[in-house]
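Listing of start-v6.txt, compact mmCIF, C-alpha atoms
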# COMPACT_ATOMS: atom_id res chain seq x y z
CA MET R 1 -80.08 -49.20 -101.14
CA ARG R 2 -78.27 -48.68 -104.45
CA LEU R 3 -79.36 -52.13 -105.69
CA GLN R 4 -82.96 -51.49 -104.63
CA ARG R 5 -82.94 -48.18 -106.54
CA ARG R 6 -81.64 -49.90 -109.67
CA VAL R 7 -84.36 -52.55 -109.45
CA THR R 8 -87.00 -49.84 -108.97
CA LEU R 9 -85.77 -47.92 -112.01
CA PHE R 10 -85.65 -51.14 -114.03
CA LEU R 11 -89.27 -52.00 -113.18
CA LEU R 12 -90.33 -48.39 -113.81
CA SER R 13 -88.83 -48.53 -117.29
CA PHE R 14 -91.02 -51.56 -118.07
CA THR R 15 -94.07 -49.74 -116.74
CA VAL R 16 -93.40 -46.74 -118.97
CA ALA R 17 -92.73 -48.93 -121.98
CA GLY R 18 -95.91 -50.92 -121.34
CA SER R 19 -98.00 -47.76 -121.13
CA ALA R 20 -96.43 -46.45 -124.35
CA LEU R 21 -97.52 -49.62 -126.15
CA ALA R 22 -101.06 -48.98 -124.97
CA TYR R 23 -101.21 -45.58 -126.68
CA PRO R 24 -103.46 -45.46 -129.77
CA GLU R 25 -101.72 -45.47 -133.13
CA TYR R 26 -104.37 -43.42 -134.94
CA ARG R 27 -106.20 -40.20 -134.22
CA VAL R 28 -109.84 -40.13 -135.43
CA THR R 29 -111.14 -36.96 -137.12
CA VAL R 30 -114.74 -36.69 -138.35
CA VAL R 31 -114.73 -35.32 -141.90
CA GLY R 32 -118.23 -36.21 -143.14
CA PRO R 33 -121.69 -35.71 -141.59
CA ALA R 34 -124.14 -38.34 -140.34
CA GLY R 35 -124.94 -40.93 -142.99
CA SER R 36 -121.96 -40.07 -145.18
CA ARG R 37 -119.70 -42.53 -146.99
CA PRO R 38 -116.02 -42.08 -147.91
CA GLU R 39 -114.68 -42.91 -151.35
CA GLY R 40 -111.12 -41.60 -151.61
CA ILE R 41 -108.17 -39.78 -150.06
CA ASN R 42 -105.15 -38.13 -151.73
CA LYS R 43 -101.57 -37.59 -150.57
CA ALA R 44 -102.53 -34.35 -148.78
CA GLY R 45 -105.18 -36.16 -146.73
CA VAL R 46 -108.16 -34.61 -148.56
CA VAL R 47 -111.16 -36.94 -148.25
CA VAL R 48 -114.06 -37.17 -150.73
CA GLY R 49 -117.37 -39.00 -150.62
CA TYR R 50 -121.08 -38.33 -150.45
CA TYR R 51 -123.76 -37.76 -147.84
CA PRO R 52 -127.58 -37.74 -147.68
CA GLY R 53 -128.80 -34.32 -148.78
CA GLY R 54 -132.51 -34.74 -148.13
CA ALA R 55 -135.38 -36.19 -150.18
CA GLY R 56 -133.38 -39.40 -150.50
CA LEU R 57 -130.73 -37.73 -152.67
CA GLN R 58 -126.97 -37.95 -152.18
CA ARG R 59 -124.55 -35.02 -152.47
CA ALA R 60 -120.84 -35.02 -153.22
CA PHE R 61 -118.43 -33.51 -150.69
CA LEU R 62 -114.77 -32.99 -149.98
CA ASN R 63 -113.00 -32.11 -146.75
CA ARG R 64 -109.46 -30.72 -146.61
CA GLY R 65 -109.46 -30.83 -142.81
CA ARG R 66 -111.02 -27.36 -142.49
CA GLY R 67 -114.65 -28.40 -142.85
CA LEU R 68 -117.16 -29.78 -145.33
CA VAL R 69 -117.22 -28.44 -148.88
CA ASP R 70 -120.57 -29.38 -150.45
CA LEU R 71 -120.09 -30.03 -154.17
CA GLY R 72 -123.76 -30.80 -154.71
CA ALA R 73 -124.70 -27.20 -155.41
CA LEU R 74 -122.29 -27.26 -158.37
CA THR R 75 -123.33 -30.60 -159.78
CA GLY R 76 -127.12 -30.81 -159.89
CA ALA R 77 -129.73 -32.24 -157.57
CA GLU R 78 -127.88 -35.50 -156.92
CA SER R 79 -124.18 -36.29 -157.07
CA ASN R 80 -121.36 -38.31 -155.60
CA ALA R 81 -117.61 -37.90 -155.39
CA VAL R 82 -115.78 -41.17 -156.07
CA ALA R 83 -112.06 -40.31 -156.22
CA ILE R 84 -109.48 -37.54 -155.84
CA ASN R 85 -105.99 -37.36 -157.33
CA ASP R 86 -102.88 -35.78 -155.85
CA ARG R 87 -103.50 -32.55 -157.80
CA GLY R 88 -106.77 -32.14 -155.91
CA GLU R 89 -109.00 -32.96 -158.89
CA VAL R 90 -112.21 -34.63 -157.67
CA LEU R 91 -114.02 -37.12 -159.90
CA GLY R 92 -117.72 -37.73 -159.47
CA ASN R 93 -121.08 -38.45 -161.03
CA TRP R 94 -124.07 -36.12 -161.22
CA ARG R 95 -127.68 -36.56 -162.31
CA THR R 96 -129.39 -34.13 -164.63
CA ALA R 97 -132.98 -32.92 -164.24
CA GLY R 98 -133.91 -35.44 -166.90
CA GLY R 99 -132.43 -38.32 -164.89
CA GLN R 100 -129.24 -38.91 -166.92
CA TRP R 101 -126.04 -39.62 -164.98
CA ARG R 102 -122.92 -37.84 -166.24
CA GLY R 103 -119.38 -37.33 -164.96
CA PHE R 104 -117.77 -34.24 -163.48
CA VAL R 105 -114.33 -33.12 -162.38
CA TYR R 106 -114.11 -30.49 -159.62
CA SER R 107 -110.92 -28.45 -159.72
CA CYS R 108 -109.85 -24.89 -158.95
CA GLY R 109 -113.20 -24.09 -157.37
CA ARG R 110 -115.48 -25.21 -160.18
CA ALA R 111 -117.09 -28.40 -161.47
CA ARG R 112 -116.61 -29.29 -165.13
CA ASP R 113 -118.99 -31.69 -166.88
CA ILE R 114 -117.11 -34.50 -168.64
CA GLY R 115 -120.17 -36.08 -170.19
CA ALA R 116 -121.67 -39.51 -170.57
CA ILE R 117 -120.75 -42.48 -172.74
CA PRO R 118 -123.14 -44.02 -175.26
CA GLY R 119 -125.79 -46.30 -173.79
CA ARG R 120 -128.22 -46.35 -170.91
CA ARG R 121 -125.84 -45.85 -167.98
CA THR R 122 -122.59 -44.03 -167.16
CA ILE R 123 -120.55 -44.55 -163.97
CA TYR R 124 -117.18 -42.87 -163.42
CA VAL R 125 -115.05 -44.70 -160.84
CA ASP R 126 -111.45 -43.43 -160.60
CA ILE R 127 -108.98 -40.72 -161.69
CA ASN R 128 -105.17 -40.63 -161.75
CA ASN R 129 -102.74 -37.73 -161.51
CA ALA R 130 -102.79 -37.12 -165.28
CA GLY R 131 -106.57 -36.69 -165.25
CA THR R 132 -107.16 -40.03 -166.97
CA THR R 133 -110.34 -41.67 -165.68
CA ILE R 134 -112.11 -45.00 -165.64
CA VAL R 135 -115.75 -45.06 -166.73
CA ARG R 136 -118.22 -47.92 -166.97
CA GLY R 137 -121.38 -48.16 -169.04
CA GLN R 138 -124.10 -50.45 -170.31
CA LEU R 139 -125.33 -50.17 -173.87
CA VAL R 140 -128.74 -51.76 -173.31
CA GLU R 141 -130.55 -53.25 -170.33
CA PHE R 142 -129.29 -56.78 -169.61
CA GLY R 143 -126.63 -56.25 -172.24
CA ASP R 144 -122.84 -56.04 -172.13
CA GLU R 145 -121.36 -53.83 -169.41
CA LEU R 146 -118.17 -52.18 -170.64
CA SER R 147 -115.31 -50.36 -168.99
CA TYR R 148 -113.19 -47.69 -170.65
CA LEU R 149 -110.00 -45.78 -170.03
CA ARG R 150 -110.81 -42.11 -170.77
CA THR R 151 -108.06 -39.56 -171.38
CA ARG R 152 -108.34 -35.97 -170.18
CA ALA R 153 -109.17 -35.03 -173.79
CA GLY R 154 -112.06 -37.50 -173.87
CA ARG R 155 -110.60 -40.36 -175.94
CA LEU R 156 -112.03 -43.76 -174.89
CA THR R 157 -110.23 -47.12 -174.90
CA ASN R 158 -112.40 -50.22 -174.43
CA LEU R 159 -110.79 -52.54 -171.86
CA GLY R 160 -112.39 -55.69 -173.29
CA PHE R 161 -113.53 -58.83 -171.46
CA LEU R 162 -112.03 -61.82 -169.68
CA GLY R 163 -113.46 -65.24 -168.83
CA VAL R 164 -116.43 -65.14 -171.21
CA ASP R 165 -115.49 -67.75 -173.83
CA ALA R 166 -117.35 -70.57 -172.07
CA TYR R 167 -120.57 -68.54 -171.97
CA PRO R 168 -121.09 -67.29 -175.55
CA ASP R 169 -124.83 -66.67 -175.12
CA ASP R 170 -124.59 -64.53 -171.96
CA PRO R 171 -123.91 -60.80 -171.78
CA ARG R 172 -120.31 -59.88 -171.02
CA VAL R 173 -119.27 -57.77 -168.05
CA ASN R 174 -116.13 -55.78 -167.21
CA VAL R 175 -116.34 -54.10 -163.81
CA ALA R 176 -113.28 -51.81 -163.61
CA ARG R 177 -112.63 -50.59 -160.08
CA ALA R 178 -109.35 -48.68 -159.92
CA LEU R 179 -106.60 -47.01 -161.95
CA ASN R 180 -102.99 -46.20 -161.08
CA ASN R 181 -100.60 -43.55 -162.37
CA ARG R 182 -99.17 -45.97 -164.94
CA ASN R 183 -102.55 -46.35 -166.65
CA GLN R 184 -103.01 -49.86 -165.27
CA VAL R 185 -106.55 -50.87 -164.33
CA THR R 186 -107.90 -53.56 -162.01
CA GLY R 187 -111.37 -55.00 -161.63
CA GLY R 188 -113.32 -58.14 -162.47
CA SER R 189 -114.66 -59.56 -165.72
CA GLY R 190 -116.86 -62.47 -166.77
CA PRO R 191 -120.28 -63.44 -168.08
CA LEU R 192 -123.53 -62.05 -166.71
CA THR R 193 -124.87 -65.36 -165.39
CA PHE R 194 -127.24 -65.92 -162.46
CA PRO R 195 -127.39 -66.29 -159.53
CA GLU R 196 -123.70 -65.33 -159.35
CA GLN R 197 -121.21 -64.04 -161.89
CA PRO R 198 -117.94 -66.03 -162.11
CA TYR R 199 -115.77 -62.92 -162.35
CA LEU R 200 -112.02 -63.19 -162.78
CA ALA R 201 -109.78 -60.58 -161.15
CA TYR R 202 -107.56 -58.84 -163.67
CA VAL R 203 -105.00 -56.16 -164.43
CA TRP R 204 -105.33 -54.31 -167.73
CA SER R 205 -102.03 -52.93 -169.01
CA GLN R 206 -101.00 -51.74 -172.48
CA GLY R 207 -104.15 -53.09 -174.11
CA ARG R 208 -103.94 -56.54 -172.51
CA LEU R 209 -106.11 -58.12 -169.80
CA ARG R 210 -104.27 -60.49 -167.49
CA ASN R 211 -106.01 -62.95 -165.17
CA LEU R 212 -104.60 -62.63 -161.63
CA GLY R 213 -105.46 -66.24 -160.80
CA ASP R 214 -107.52 -67.38 -157.84
CA LEU R 215 -107.51 -69.03 -154.43
CA GLY R 216 -109.62 -71.98 -155.47
CA SER R 217 -112.89 -70.59 -156.77
CA VAL R 218 -114.78 -67.64 -158.28
CA PRO R 219 -115.90 -64.85 -158.23
CA ASN R 220 -112.79 -62.74 -157.71
CA ILE R 221 -112.32 -59.01 -158.19
CA GLY R 222 -109.55 -56.44 -157.84
CA ASN R 223 -110.63 -53.34 -155.91
CA ASP R 224 -107.49 -51.18 -155.94
CA ILE R 225 -104.06 -51.05 -157.57
CA ASN R 226 -100.98 -49.07 -156.57
CA ASP R 227 -98.24 -47.62 -158.75
CA HIS R 228 -96.11 -50.76 -158.26
CA GLY R 229 -98.77 -52.96 -159.86
CA GLN R 230 -99.85 -54.53 -156.58
CA VAL R 231 -103.57 -55.27 -156.29
CA THR R 232 -105.94 -55.89 -153.40
CA GLY R 233 -109.48 -57.17 -153.60
CA THR R 234 -111.73 -60.12 -152.78
CA ALA R 235 -111.08 -63.76 -153.73
CA SER R 236 -113.27 -66.83 -153.24
CA LEU R 237 -112.07 -70.04 -151.60
CA ALA R 238 -113.01 -73.53 -152.71
CA THR R 239 -114.88 -74.38 -149.50
CA GLY R 240 -117.60 -72.72 -147.47
CA ILE R 241 -120.55 -70.53 -148.38
CA PHE R 242 -119.02 -67.32 -147.04
CA ASN R 243 -115.38 -68.09 -147.69
CA GLN R 244 -114.29 -64.94 -149.48
CA VAL R 245 -111.07 -63.31 -148.35
CA ALA R 246 -109.02 -60.17 -148.82
CA PHE R 247 -106.05 -60.79 -151.09
CA LEU R 248 -102.82 -59.16 -152.14
CA TYR R 249 -101.51 -59.74 -155.65
CA SER R 250 -97.80 -58.99 -155.95
CA ASN R 251 -94.98 -60.24 -158.18
CA GLY R 252 -97.26 -62.56 -160.10
CA ARG R 253 -98.82 -64.26 -157.08
CA MET R 254 -102.14 -63.92 -155.27
CA VAL R 255 -102.08 -64.56 -151.51
CA SER R 256 -104.80 -64.43 -148.87
CA LEU R 257 -104.41 -61.82 -146.13
CA ASP R 258 -107.01 -63.60 -144.00
CA THR R 259 -105.10 -66.25 -142.02
CA ARG R 260 -108.00 -67.69 -140.03
CA PRO R 261 -108.15 -71.52 -140.01
CA ALA R 262 -109.50 -73.22 -143.11
CA THR R 263 -112.27 -74.79 -140.99
CA GLU R 264 -113.66 -71.36 -140.07
CA GLU R 265 -116.26 -69.57 -142.19
CA LYS R 266 -114.86 -66.16 -143.11
CA PHE R 267 -115.53 -63.07 -145.13
CA SER R 268 -113.08 -60.23 -145.72
CA SER R 269 -112.22 -57.83 -148.51
CA GLY R 270 -109.35 -55.49 -149.33
CA TYR R 271 -110.53 -52.09 -150.57
CA GLY R 272 -107.48 -49.82 -150.67
CA ILE R 273 -103.72 -50.19 -151.14
CA ASN R 274 -100.97 -47.57 -151.01
CA ASN R 275 -97.51 -47.52 -152.58
CA ARG R 276 -95.98 -49.14 -149.48
CA GLY R 277 -98.18 -52.18 -150.10
CA HIS R 278 -100.30 -51.49 -147.03
CA VAL R 279 -103.92 -52.66 -147.39
CA VAL R 280 -107.15 -51.55 -145.70
CA GLY R 281 -110.48 -53.33 -145.80
CA SER R 282 -113.16 -54.96 -143.71
CA SER R 283 -113.55 -58.38 -142.15
CA SER R 284 -116.24 -60.38 -140.37
CA HIS R 285 -113.95 -60.88 -137.35
CA LEU R 286 -112.04 -57.57 -137.11
CA SER R 287 -114.47 -55.01 -138.54
CA GLY R 288 -112.16 -52.51 -140.34
CA PHE R 289 -108.55 -53.68 -140.69
CA VAL R 290 -105.15 -52.57 -141.86
CA TRP R 291 -102.50 -54.97 -143.17
CA ARG R 292 -98.91 -53.70 -143.05
CA GLY R 293 -96.92 -56.69 -144.20
CA ARG R 294 -97.43 -58.99 -141.22
CA ARG R 295 -101.06 -59.61 -140.29
CA MET R 296 -104.53 -58.08 -140.47
CA GLU R 297 -104.88 -55.69 -137.52
CA SER R 298 -108.22 -54.43 -136.25
CA LEU R 299 -108.35 -50.65 -136.55
CA ASN R 300 -110.61 -50.60 -133.49
CA ALA R 301 -107.63 -51.91 -131.48
CA LEU R 302 -105.43 -49.07 -132.79
CA ILE R 303 -107.62 -46.12 -131.74
CA ASP R 304 -108.66 -44.68 -128.38
CA PRO R 305 -111.55 -46.94 -127.23
CA ALA R 306 -112.93 -44.19 -124.99
CA GLN R 307 -114.20 -42.34 -128.09
CA GLY R 308 -116.69 -45.10 -128.82
CA TRP R 309 -115.94 -45.58 -132.52
CA ASP R 310 -116.39 -48.76 -134.54
CA ILE R 311 -114.26 -48.39 -137.69
CA THR R 312 -116.37 -50.54 -139.98
CA ASP R 313 -115.41 -49.79 -143.56
CA PRO R 314 -112.00 -48.34 -144.51
CA ARG R 315 -112.00 -47.46 -148.20
CA ALA R 316 -108.65 -45.86 -149.03
CA ILE R 317 -105.14 -45.32 -147.63
CA ASN R 318 -102.47 -42.87 -148.81
CA ASP R 319 -98.68 -43.20 -148.65
CA ALA R 320 -98.54 -41.31 -145.35
CA GLY R 321 -100.77 -44.00 -143.84
CA GLN R 322 -103.86 -41.79 -143.54
CA ILE R 323 -107.07 -43.77 -143.96
CA ALA R 324 -110.51 -42.67 -145.16
CA ALA R 325 -113.13 -44.84 -143.50
CA ALA R 326 -116.75 -45.17 -142.49
CA ALA R 327 -117.16 -45.37 -138.71
CA VAL R 328 -120.16 -45.87 -136.46
CA ARG R 329 -120.80 -44.25 -133.09
CA ASN R 330 -124.07 -44.48 -131.17
CA GLY R 331 -125.61 -46.25 -134.14
CA VAL R 332 -124.84 -43.43 -136.60
CA ARG R 333 -122.36 -43.72 -139.51
CA TYR R 334 -119.88 -40.93 -140.27
CA THR R 335 -116.92 -40.46 -142.60
CA VAL R 336 -113.67 -40.23 -140.63
CA ARG R 337 -109.99 -39.82 -141.37
CA LEU R 338 -107.48 -41.84 -139.37
CA ASP R 339 -104.12 -40.11 -138.94
CA LEU R 340 -101.06 -41.95 -137.67
CA ILE R 341 -99.88 -40.36 -134.43
CA ARG R 342 -96.37 -41.72 -135.02
CA PRO R 343 -95.52 -42.50 -138.66
CA ILE R 344 -94.56 -46.11 -139.29
CA PRO R 345 -91.54 -46.40 -141.61
CA GLY R 346 -91.47 -49.09 -144.23
CA PRO R 347 -89.77 -49.54 -147.59
CA ALA R 348 -91.84 -49.36 -150.75
CA PRO R 349 -92.07 -52.67 -152.64
CA ALA R 350 -90.31 -53.34 -155.91
CA LEU R 351 -92.26 -52.77 -159.11
CA ASP R 352 -94.34 -55.66 -160.36
CA PRO R 353 -92.80 -56.91 -163.62
CA ASP R 354 -95.81 -55.75 -165.62
CA ALA R 355 -95.66 -52.32 -163.99
CA GLU R 356 -92.10 -51.85 -165.21
CA GLN R 357 -93.35 -52.24 -168.78
CA ALA R 358 -96.53 -50.19 -168.36
CA VAL R 359 -96.91 -46.91 -170.20
CA ALA R 360 -96.47 -44.08 -167.72
CA ALA R 361 -99.32 -41.59 -167.61
CA LEU R 362 -98.51 -38.33 -169.36
CA SER R 363 -97.87 -35.48 -166.95
CA PRO R 364 -98.38 -31.78 -167.66
CA SER R 365 -95.31 -29.58 -167.78
CA PRO R 366 -93.83 -28.16 -164.55
CA ALA R 367 -95.09 -24.72 -165.58
CA LEU R 368 -98.63 -26.03 -165.99
CA ASP R 369 -98.35 -27.92 -162.70
CA ALA R 370 -97.37 -24.68 -160.96
CA ALA R 371 -100.24 -22.78 -162.60
CA LEU R 372 -102.73 -25.44 -161.56
CA ALA R 373 -101.40 -25.43 -158.00
CA LYS R 374 -101.72 -21.65 -157.80
CA ALA R 375 -105.28 -21.69 -159.18
CA GLU R 376 -106.24 -24.48 -156.79
CA ALA R 377 -104.83 -22.60 -153.79
CA GLU R 378 -106.75 -19.46 -154.75
CA ALA R 379 -109.95 -21.45 -155.21
CA GLN R 380 -109.59 -23.03 -151.77
CA THR R 381 -109.77 -19.61 -150.14
CA ARG R 382 -113.15 -19.08 -151.84
CA GLU R 383 -114.68 -22.45 -150.97
CA ALA R 384 -117.70 -22.33 -148.68
CA VAL R 385 -116.61 -24.44 -145.72
CA GLN R 386 -119.24 -25.81 -143.35
CA PRO R 387 -118.69 -27.35 -139.90
CA VAL R 388 -119.29 -31.11 -139.76
CA ALA R 389 -122.13 -31.90 -137.38
CA GLN R 390 -121.51 -34.90 -135.09
Could you render the structure as structure tokens?
Amino acid sequence: MRLQRRVTLFLLSFTVAGSALAYPEYRVTVVGPAGSRPEGINKAGVVVGYYPGGAGLQRAFLNRGRGLVDLGALTGAESNAVAINDRGEVLGNWRTAGGQWRGFVYSCGRARDIGAIPGRRTIYVDINNAGTTIVRGQLVEFGDELSYLRTRAGRLTNLGFLGVDAYPDDPRVNVARALNNRNQVTGGSGPLTFPEQPYLAYVWSQGRLRNLGDLGSVPNIGNDINDHGQVTGTASLATGIFNQVAFLYSNGRMVSLDTRPATEEKFSSGYGINNRGHVVGSSSHLSGFVWRGRRMESLNALIDPAQGWDITDPRAINDAGQIAAAAVRNGVRYTVRLDLIRPIPGPAPALDPDAEQAVAALSPSPALDAALAKAEAEAQTREAVQPVAQ
């Protein structure tokens, strides 16, 4: 009898453990309305993006977890929010009545116009904790496309070009995608050739563009960079029409995160990376994925399947592991936030050698930080919060 009881308890412990492993790792919260797209998330889990506002126009929004805050009313007929820093400053683009696109920063309850750069087009793409931004522009149609580092005071630094020497007669392109808190930038650069541009993935640091290498072919592009100098993005392989894979660049080496056999056609891309080196992106075989140092894991396998979500397009991940993603249910796309039900510990990686030498972004004084935090908290109580329709 005593032996039988021990065996029963032993088997029961395996049953309990097995059921625990079946629990979802992430909780899904809808933070953007039907048709919306996420663009960024900060350390507090505030998500920004844009949604269709009628008449074919898009409107910027943020959601702190209390409901939708429509930034469109503050930023003209059409706008988008593209990034948010840890101080809660939202970067976006807005279109004037005359059709010109300009940048804005939303902070402390108001949107501030930060202008346009010379030329025919202005696109702001990222902001760091010091308020430094990345902005892209084109001087003339079918001409050079430039990327700049813009300080909070408005001073512009041209990031230059990479991989254009062999194509002296073609326009030059620098597509900056992301900026970290050490004023390092990642993106892709090359000539504007057709039908495809042979972009090289790069990191810009201290006035120098560095080629991140490749996995056998071009184009390659960096989509996000963390404060340790690690980059994720998309790299082309030497074989196959659709052989483009998500990569991680760390400690001077680019590696593929997509470990499917070389004989299999594949497409994947890394879109966001946090300071733990965890990557999110999308893949032709997993839909949305997260990579946490071992393998690409389907996010659909880490949520409750009964809710009917397909996590298709994760765009950003913060250090707490929260993910801003596009998800589809019943054929309709929404912006969602994925929250870890049980935090997963993991050491932060060592600094990339270039990151150790990078110029740290200037930070306001503690007194100014406190004043900004107080003003932001007061503004949040005045924000018009709307429920998110599902």
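Candidate residues R:Ala77, R:Ala301, R:Leu146, R:Val82 were compared for distance to R:Gln100, and the nearest is R:Ala77, using all atoms listed in the file.
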I'd like the contact shell of R:Arg172 - 9 Å cut-off, all atoms listed in the file, skipping same-chain residues fewer than 4 positions apart - returned as an NGL selection string.
:R and (143-146 or 161-164 or 167-168 or 189-192)
May I have a table of the residues of stretch 27-141 of chain R lying at most 7 Å from stretch 376-385 of chain R, giving each one's closest pair of atoms and their distance in Å to one decimal, counting all atoms listed in the file, ordered by chain and ascending residue number, as CSV?
residue,atom,partner,partner_atom,distance
R:Gly67,CA,R:Val385,CA,5.3
R:Leu68,CA,R:Val385,CA,5.4
R:Val69,CA,R:Val385,CA,5.1
R:Ser107,CA,R:Glu376,CA,6.8
R:Cys108,CA,R:Glu376,CA,4.2
R:Gly109,CA,R:Ala379,CA,4.7
Among the residues R:Ala324, R:Leu302, R:Met254, R:Ile317, the one that comes closest to R:Glu25 [using all atoms listed in the file]:
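Closest to R:Glu25 of all the choices is R:Leu302.
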Could you check how far atom CA of R:Phe267 sits from atom CA of R:Ala246, in Å to one decimal?
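Spanning atom CA of R:Phe267 to atom CA of R:Ala246 is a straight-line distance of 8.0 Å.
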Rank R:Lys266, R:Leu159, R:Ser283, R:Arg333 by their smallest atom-to-atom distance to R:Ser205, using all atoms listed in the file, and report the top residue only.
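Checking each of R:Lys266, R:Leu159, R:Ser283, R:Arg333 against R:Ser205, counting all atoms listed in the file, the winner is R:Leu159.
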Rank nothing, just name the residue among R:Asn93, R:Leu209, R:His228, R:Thr133 nearest to R:Arg121, using only C-alpha atoms.
R:Asn93
Selection: 10 Å around R:Gly207, all atoms listed in the file, excl. self and same-chain fewer than 4 positions, as a list of chain:residue names
R:Thr157, R:Asn158, R:Leu159, R:Gly160, R:Gln184, R:Ala358
Please determine an axis-aligned box that encloses all atoms of stretch 212-215 of chain R listed in the file, with 3 Å added on each side, and express its centre and edge lengths in Å to one decimal as JSON.
{"center_x": -106.1, "center_y": -65.8, "center_z": -158.0, "size_x": 8.9, "size_y": 12.4, "size_z": 13.2}
Atom CA of R:Arg112 and atom CA of R:Glu141 are how many Å apart?
28.2 Å
List as a PyMOL selection string the protein and nucleic acid residues near stretch 269-272 of chain R, meaning an atom at most 7 Å away when all atoms listed in the file are counted, but skip any in the same chain fewer than 5 places from it.
chain R and resi 223-224+232-234+245-247+279-283+315-317
Selection: 9 Å around R:Ala111, all atoms listed in the file, excl. self and same-chain fewer than 2 positions, as a list of chain:residue names:
R:Leu71, R:Leu74, R:Thr75, R:Val90, R:Phe104, R:Val105, R:Tyr106, R:Ser107, R:Cys108, R:Gly109, R:Asp113
Restricting it to C-alpha atoms, dump the selection as a compact mmCIF listing (two decimals), keeping the file's coordinate frame.
# COMPACT_ATOMS: atom_id res chain seq x y z
CA LEU R 71 -120.09 -30.03 -154.17
CA LEU R 74 -122.29 -27.26 -158.37
CA THR R 75 -123.33 -30.60 -159.78
CA VAL R 90 -112.21 -34.63 -157.67
CA PHE R 104 -117.77 -34.24 -163.48
CA VAL R 105 -114.33 -33.12 -162.38
CA TYR R 106 -114.11 -30.49 -159.62
CA SER R 107 -110.92 -28.45 -159.72
CA CYS R 108 -109.85 -24.89 -158.95
CA GLY R 109 -113.20 -24.09 -157.37
CA ASP R 113 -118.99 -31.69 -166.88
